[in-house]
Amino acid sequence: MIAPIRFVQTSLLVITFILLTSHSAPAQERLCDPSFEDCYTPLLQLVQNETAGIDMVFYMIELPGLADAVIARHKAGVPVRLTVEPRANLKFPENQPLLDRFKAAGIPMRYKLGDAFVHAKVLLCAGQNKVVFTGSNFGDGDVRPYDPFVNYVDGAWYFSDDVAVVNSFKTRYDDIWTNTSLYGDYANITISLTRRYPTHPIDPSVNLLPNPNPAEDYGARTIAQIDQENQKIDLTMYRITDIGICDALLRALARGVPVRLLAEPHEYRFDASRLGAELTGPYNLDRLHAAGVQIKMRKHLGLNHQKSVSLYGRGLTIFGSSNWSFNSFNYQEEHNYFTNKTWFFDWFVNQFNRKWNSATEYEPFVPLPPSVPTYLSPANPSTVGQSVMLNWEGGRWAHKYDIYFGTVESNLSLIASNVVTGTLGSEGSESYLVSGLQNGVTYYWRIVSKTMANQTASGPTWRFTVSGTAPTPTPTPTPTPTPTPTPTPTPTPTPTPTPTPTPTPFPTTGAEVVLYASQAPVKVGGWGNVSDLSAAAGVRIHHTDAGAAKVTTPFANPPHYFEMTFNAEAGRPYRLWIRAKAQNDFWGNDSVWAQFSGSVNSSGAPVYRIGTTTGTEINLEDCSGCGLSGWGWQDNGWGVGVSGPQIFFQSTGTHTIRIQGREDGISIDQIVLSPGTYLHNSPGALKNDNTVLPASGGGPAPQAPTVTAVSPNSGSTSGGTSVTITGTNFAPGATVRFDSTAATNVSVASSTTITATAPAHAAGTVNVVVTNSDGQSGTLTNGFTYTTVAESVIFEDDFNDNSLDQGKWSLNNLFSGFTDSSVPARETTQRLEIGSLLAGQSGSHYNGVRSANVYNFTGAYTYVELVQAAASTTKADAMFTVGRDADNYYRIYVEEGIFICQAKIGGTKRNLFTSAYTPAVHRYWRIRHDQSTGNVVFETASDNPGLPGSWIVRSVEQWNNTSVPLATIVFELKAGTWQPEPVAPGTVVFDNFKAARP
């Protein structure tokens, strides 16, 4: 349900504010501010009034009313085209049901191929010659406030009939609609893809991306404008993860230009599971603050999702959909506007100043400290050699480190400050090499993590002692000193101690790493497999030639890469080789960047690490003009006869190699990391090679897992038992089955331990099977027993006596909202019926039953059977609610053919799960408190018959026991309408309610 707009009652204040902030603009151009204005109605009116053609491109849509209006125009014969982004469902689950409705209505739809999103948000109305575009989304809070100035999504909607702007968007829409390499057919494409409009030149002020012209790159274009600014810069920006554009702000500060920023706190600190989390966001905000940029953070209840920049020296406004992130610069489908329109500039200046000066909407930015560093090695205490690598994990928010070291624990010296090492976040550890230590001495060390705003967090003090002997074995086998050197050979079987530094001892066969690149489990962007009989295993991995520019510096978060894992030994030199070929033997298709986890140089310092902007470059062509021909072997050196730097690893064990594109159009079939056989010799020829080596992961073949125990080894047939599985050789990504039914919440804690949740299953004993990602499996025969556990019923009603039990239920007295007793609610024909629901009536009209008492719901569950929902052509609801009052509850409901799991805490609703409603699949609804985890669990089951079938988890989050106290829970079944329904919604029917504790 779209939350009704709750405009404040101070209408005069709002009207006055609009008058004060209005500026003259062309008659049919306007900007709309969703912090206090209704930008939704004019959108609807444009659609409803259109008679010639509607084109839309959007990242997501969660406005059923707008979808209805578009479908209605389509059914009236108006041509409609939609360019959509199904991947938005990951963040916005209500997107998919509306895409399904568009598809069912027969509207032609296309979508973006590859990994670059459609991030544009545009509505074109051809007959009215109008375009609307924004940096917001087509979402409820984006188009109008829930509470003006209090709960809204920062943004702006630009309604324009500027001919040059409209024609630019018409041309762009035709470009993407007819593009078959970057876009695919999503639904209802039954005729050839043709252009609808005449082709017009793109207005220079309109910035449409991606664009082959490097000057149109949003980042490059914005940086050029910032570098010319000499007066003042104001910006409102949702995501700020690009370092280069922030460097431009720092250059402006150095010129004496004041900079103010309105930022989003969720982009500064966030939990690790949040989609789209970039760790360079806090890095940039902290360093901008430290340099003197004035920053304020959103304080109001909504979200700052705006992307706008005001440059006062030239009255220039930059506004659109691009964030300050790499993907938004020239990769995703984006649109921006670089305009000197005076009214446009004044509008954004006034909007910015209002928010900047509002103590309720924004507050000063306060930088936060990093997390405390976690030490990895050397252990505390331990014995080490005369050189030691200090290893630690700095956490998600640290970006530099101070290292304290010495022999007196209470008086350590700062031996290095502001050291940048490792990777941002917890993906790669940090390290610092300490050498020249004295034998027999105990040393102490401490790490202080620091943010770019110089906020600190100190780790503990650890110690180690340097071994009393040299770190490498002495060549003399006897421990007794011998004054006579005895240089002549002796008959002892001990080999001579003469060192042989090169070559290194020939490694065992298992030490050679030979990877078939096509078998990479991770492929991102333009990398994909191509059948090729000349390649290893008959397949090569190929980077699609899109004509992209050479990547001169590797990315920390590359758009195109693949990854593989292998085993390597610490301290051993490896030579890196690849066998590759360039598309059309062209020198511009022949190079990649290689990065690793845990890689170091010969001195032990981190190099070429994944997640950094450093890497080792591999060019297939041996020199400029040397030429290319077919497959060839090449290392990471440049020049004829020149070997590249050797690769070392910080620790023995599993490591990852990442190959990211430097020049597209290259193919690879083999990757070699050799510590012996190919350390000084190529595996094959540089041109026209046909060498295929046997694959090897650098260690023994992975072993099949074994399962030795499951604890607990029994549980309820309803599932949900949390188990710990022990055994050997468990690998990341392993799956667990109870007989043929998959377990949920599987987590591989180590090679010997897995935790999981047992699925529902019939009573009896089952096998527990663990399967690694390589297909090898282990089975514990009869490892788990399902038992039928007697329930402790709290409260139940099968509604079979055709008379509502007043001791159990209170009628006409809902707790979660207004009650309209004129809506019939009764127990009849052995079920609970609510309705007929009202048609054509505005306002809220709900009725039903609530439990007559409150209950302790700790560790309990409750379910109900929905026999019949309201008509799916209406927005009438069938609702099952567990909670305390109208502002604090958990709910499952169906509206307009959409199944929804919802939480309302402190008056704020959040949809936790949505999908198209399927009566058979969603027959039974269950809300459960998992006492072991403290979670609220939303589940559904089909009919089995007359009882719930296997429960399927739909959503899980922590139960808020403060707002929804488990000790005083009320249950409610209700149905009703909240807007005038043009057709009769019908009657909602519930049955078989139960609340119990297992």
# chains A, B, ... in the order shown; residues from 1 in each chain; ligands from 1
>>> residues_around(residues="range 520-529 of chain A", least_positions_apart="3", cutoff="12 Å", atoms="only C-alpha atoms", output="PyMOL selection string")
chain A and resi 113-117+181-182+327+331-332+515-517+532+535-548+557-566+592+656-671+733+773-774
>>> residues_around(residues="Leu303 in chain A", least_positions_apart="6", cutoff="10 Å", atoms="only C-alpha atoms", output="list in words")
Gly141, Asp142, Asn151, Tyr152, Val153, Asp154, Gly155, Tyr238, Ala263, Glu264, Pro265 and His266 of chain A
>>> write_last_selection(atoms="all heavy atoms", output="short mmCIF file (atom, residue, chain, number, x, y, z; two decimals), in the first residue's frame")
data_model
loop_
_atom_site.label_atom_id
_atom_site.label_comp_id
_atom_site.auth_asym_id
_atom_site.auth_seq_id
_atom_site.Cartn_x
_atom_site.Cartn_y
_atom_site.Cartn_z
N GLY A 141 8.12 7.73 -1.58
CA GLY A 141 8.73 8.85 -0.87
C GLY A 141 9.51 9.78 -1.77
O GLY A 141 9.87 10.89 -1.35
N ASP A 142 9.81 9.34 -3.00
CA ASP A 142 10.58 10.17 -3.93
C ASP A 142 9.73 11.25 -4.60
O ASP A 142 10.27 12.26 -5.04
CB ASP A 142 11.19 9.29 -5.03
CG ASP A 142 12.14 8.25 -4.49
OD1 ASP A 142 11.68 7.15 -4.16
OD2 ASP A 142 13.33 8.54 -4.40
N ASN A 151 9.79 13.99 6.83
CA ASN A 151 10.00 12.63 6.33
C ASN A 151 9.81 12.63 4.82
O ASN A 151 8.68 12.59 4.33
CB ASN A 151 9.03 11.66 7.00
CG ASN A 151 9.38 10.21 6.70
OD1 ASN A 151 10.30 9.91 5.95
ND2 ASN A 151 8.62 9.29 7.30
N TYR A 152 10.91 12.68 4.09
CA TYR A 152 10.87 12.79 2.64
C TYR A 152 12.20 12.31 2.07
O TYR A 152 13.16 12.07 2.81
CB TYR A 152 10.61 14.24 2.20
CG TYR A 152 11.68 15.22 2.60
CD1 TYR A 152 12.78 15.47 1.76
CD2 TYR A 152 11.64 15.90 3.82
CE1 TYR A 152 13.78 16.37 2.12
CE2 TYR A 152 12.63 16.80 4.18
CZ TYR A 152 13.69 17.02 3.33
OH TYR A 152 14.69 17.90 3.69
N VAL A 153 12.26 12.16 0.77
CA VAL A 153 13.49 11.81 0.06
C VAL A 153 13.98 13.05 -0.67
O VAL A 153 13.27 13.58 -1.55
CB VAL A 153 13.27 10.65 -0.93
CG1 VAL A 153 14.56 10.34 -1.69
CG2 VAL A 153 12.79 9.40 -0.18
N ASP A 154 15.17 13.52 -0.33
CA ASP A 154 15.73 14.70 -1.00
C ASP A 154 15.84 14.44 -2.50
O ASP A 154 16.33 13.39 -2.93
CB ASP A 154 17.13 15.01 -0.46
CG ASP A 154 17.11 15.59 0.93
OD1 ASP A 154 16.92 14.81 1.89
OD2 ASP A 154 17.27 16.81 1.06
N GLY A 155 15.45 15.42 -3.28
CA GLY A 155 15.56 15.31 -4.72
C GLY A 155 14.93 16.49 -5.41
O GLY A 155 14.58 17.51 -4.77
N TYR A 238 24.32 12.12 -2.85
CA TYR A 238 24.00 10.88 -2.15
C TYR A 238 25.24 10.02 -1.92
O TYR A 238 25.59 9.68 -0.80
CB TYR A 238 22.95 10.12 -2.95
CG TYR A 238 22.66 8.71 -2.48
CD1 TYR A 238 22.13 8.47 -1.22
CD2 TYR A 238 22.91 7.62 -3.32
CE1 TYR A 238 21.85 7.18 -0.79
CE2 TYR A 238 22.62 6.33 -2.89
CZ TYR A 238 22.10 6.11 -1.64
OH TYR A 238 21.82 4.84 -1.22
N ALA A 263 25.11 15.76 2.87
CA ALA A 263 25.43 14.37 2.63
C ALA A 263 24.42 13.44 3.29
O ALA A 263 23.59 13.86 4.10
CB ALA A 263 26.85 14.06 3.12
N GLU A 264 24.54 12.15 2.94
CA GLU A 264 23.63 11.12 3.45
C GLU A 264 24.37 10.24 4.47
O GLU A 264 25.37 9.60 4.12
CB GLU A 264 23.12 10.26 2.29
CG GLU A 264 22.40 8.99 2.69
CD GLU A 264 21.25 9.22 3.65
OE1 GLU A 264 20.46 10.19 3.44
OE2 GLU A 264 21.15 8.46 4.63
N PRO A 265 23.90 10.17 5.72
CA PRO A 265 24.63 9.39 6.73
C PRO A 265 24.73 7.91 6.42
O PRO A 265 25.69 7.25 6.79
CB PRO A 265 23.81 9.64 8.02
CG PRO A 265 22.49 10.16 7.57
CD PRO A 265 22.74 10.88 6.30
N HIS A 266 23.74 7.33 5.70
CA HIS A 266 23.82 5.91 5.37
C HIS A 266 24.94 5.61 4.39
O HIS A 266 25.32 4.45 4.22
CB HIS A 266 22.49 5.44 4.79
CG HIS A 266 21.42 5.31 5.82
ND1 HIS A 266 20.09 5.07 5.49
CD2 HIS A 266 21.46 5.40 7.18
CE1 HIS A 266 19.37 5.02 6.61
NE2 HIS A 266 20.18 5.22 7.63
#
>>> atom_distance(atom1="CA of Thr190 in chain A", atom2="CA of Arg110 in chain A")
11.8 Å
>>> residues_around(residues="Gln979 in chain A", least_positions_apart="4", cutoff="7 Å", atoms="only C-alpha atoms", output="list in words")
Gln841, Ser842, Gly843 and Ser844 of chain A
>>> closest_residue(among="A:Gly644, A:Pro367, A:Gly897, A:Gly313", to="Trp397 in chain A", atoms="only C-alpha atoms")
A:Pro367
>>> closest_residue(among="A:Gly632, A:Gly883, A:Gly727, A:Gly719", to="Arg850 in chain A", atoms="only C-alpha atoms")
A:Gly883
>>> decode(residues="range 758-774 of chain A", atoms="all heavy atoms", output="compact mmCIF listing (two decimals), in the first residue's frame")
# COMPACT_ATOMS: atom_id res chain seq x y z
N ALA A 758 17.83 -26.79 9.87
CA ALA A 758 17.19 -27.96 9.29
C ALA A 758 15.88 -27.57 8.62
O ALA A 758 15.11 -26.79 9.18
CB ALA A 758 16.95 -29.02 10.36
N PRO A 759 15.60 -28.12 7.42
CA PRO A 759 14.33 -27.83 6.75
C PRO A 759 13.21 -28.67 7.35
O PRO A 759 13.43 -29.60 8.14
CB PRO A 759 14.61 -28.24 5.31
CG PRO A 759 15.59 -29.38 5.45
CD PRO A 759 16.45 -29.03 6.63
N ALA A 760 11.99 -28.37 6.97
CA ALA A 760 10.85 -29.20 7.37
C ALA A 760 10.95 -30.55 6.67
O ALA A 760 11.42 -30.66 5.53
CB ALA A 760 9.56 -28.51 7.04
N HIS A 761 10.48 -31.60 7.36
CA HIS A 761 10.57 -32.94 6.79
C HIS A 761 9.61 -33.84 7.55
O HIS A 761 9.30 -33.60 8.71
CB HIS A 761 12.01 -33.47 6.90
CG HIS A 761 12.29 -34.64 6.02
ND1 HIS A 761 11.93 -35.94 6.34
CD2 HIS A 761 12.94 -34.73 4.82
CE1 HIS A 761 12.32 -36.76 5.39
NE2 HIS A 761 12.95 -36.05 4.45
N ALA A 762 9.17 -34.90 6.89
CA ALA A 762 8.32 -35.87 7.56
C ALA A 762 9.10 -36.55 8.69
O ALA A 762 10.34 -36.60 8.68
CB ALA A 762 7.82 -36.91 6.56
N ALA A 763 8.36 -37.10 9.67
CA ALA A 763 8.99 -37.76 10.80
C ALA A 763 9.82 -38.94 10.32
O ALA A 763 9.48 -39.64 9.35
CB ALA A 763 7.94 -38.22 11.79
N GLY A 764 10.95 -39.16 10.99
CA GLY A 764 11.82 -40.28 10.65
C GLY A 764 13.27 -39.86 10.64
O GLY A 764 13.62 -38.70 10.92
N THR A 765 14.15 -40.81 10.32
CA THR A 765 15.59 -40.57 10.31
C THR A 765 16.06 -40.32 8.89
O THR A 765 15.64 -41.01 7.95
CB THR A 765 16.33 -41.78 10.90
OG1 THR A 765 15.88 -42.00 12.24
CG2 THR A 765 17.83 -41.54 10.93
N VAL A 766 16.94 -39.32 8.71
CA VAL A 766 17.41 -38.94 7.39
C VAL A 766 18.93 -38.89 7.37
O VAL A 766 19.59 -38.78 8.42
CB VAL A 766 16.84 -37.57 6.97
CG1 VAL A 766 15.34 -37.60 6.91
CG2 VAL A 766 17.33 -36.46 7.90
N ASN A 767 19.49 -38.96 6.16
CA ASN A 767 20.92 -38.77 5.98
C ASN A 767 21.22 -37.27 5.89
O ASN A 767 20.42 -36.50 5.35
CB ASN A 767 21.40 -39.44 4.70
CG ASN A 767 21.19 -40.94 4.71
OD1 ASN A 767 21.16 -41.55 5.78
ND2 ASN A 767 21.03 -41.53 3.54
N VAL A 768 22.38 -36.87 6.39
CA VAL A 768 22.83 -35.49 6.28
C VAL A 768 24.01 -35.48 5.31
O VAL A 768 25.01 -36.18 5.52
CB VAL A 768 23.24 -34.91 7.64
CG1 VAL A 768 23.78 -33.49 7.48
CG2 VAL A 768 22.05 -34.93 8.59
N VAL A 769 23.88 -34.69 4.23
CA VAL A 769 24.85 -34.70 3.14
C VAL A 769 25.45 -33.32 2.98
O VAL A 769 24.73 -32.33 2.85
CB VAL A 769 24.19 -35.13 1.81
CG1 VAL A 769 25.22 -35.21 0.70
CG2 VAL A 769 23.46 -36.45 1.97
N VAL A 770 26.77 -33.22 2.99
CA VAL A 770 27.51 -31.98 2.73
C VAL A 770 28.18 -32.11 1.37
O VAL A 770 28.89 -33.10 1.11
CB VAL A 770 28.56 -31.69 3.81
CG1 VAL A 770 29.41 -30.50 3.42
CG2 VAL A 770 27.89 -31.45 5.16
N THR A 771 27.94 -31.14 0.49
CA THR A 771 28.51 -31.17 -0.86
C THR A 771 29.32 -29.90 -1.09
O THR A 771 28.80 -28.79 -0.96
CB THR A 771 27.41 -31.28 -1.93
OG1 THR A 771 26.61 -32.43 -1.67
CG2 THR A 771 28.02 -31.38 -3.32
N ASN A 772 30.61 -30.07 -1.40
CA ASN A 772 31.46 -28.92 -1.71
C ASN A 772 31.18 -28.43 -3.12
O ASN A 772 30.55 -29.11 -3.93
CB ASN A 772 32.94 -29.30 -1.58
CG ASN A 772 33.38 -29.39 -0.13
OD1 ASN A 772 32.72 -28.84 0.76
ND2 ASN A 772 34.48 -30.09 0.11
N SER A 773 31.68 -27.23 -3.41
CA SER A 773 31.41 -26.62 -4.71
C SER A 773 32.03 -27.38 -5.87
O SER A 773 31.63 -27.21 -7.01
CB SER A 773 31.91 -25.16 -4.72
OG SER A 773 33.29 -25.11 -4.39
N ASP A 774 33.03 -28.27 -5.57
CA ASP A 774 33.62 -29.08 -6.65
C ASP A 774 32.83 -30.34 -6.91
O ASP A 774 33.23 -31.18 -7.72
CB ASP A 774 35.08 -29.41 -6.33
CG ASP A 774 35.23 -30.26 -5.06
OD1 ASP A 774 34.20 -30.61 -4.44
OD2 ASP A 774 36.38 -30.55 -4.68
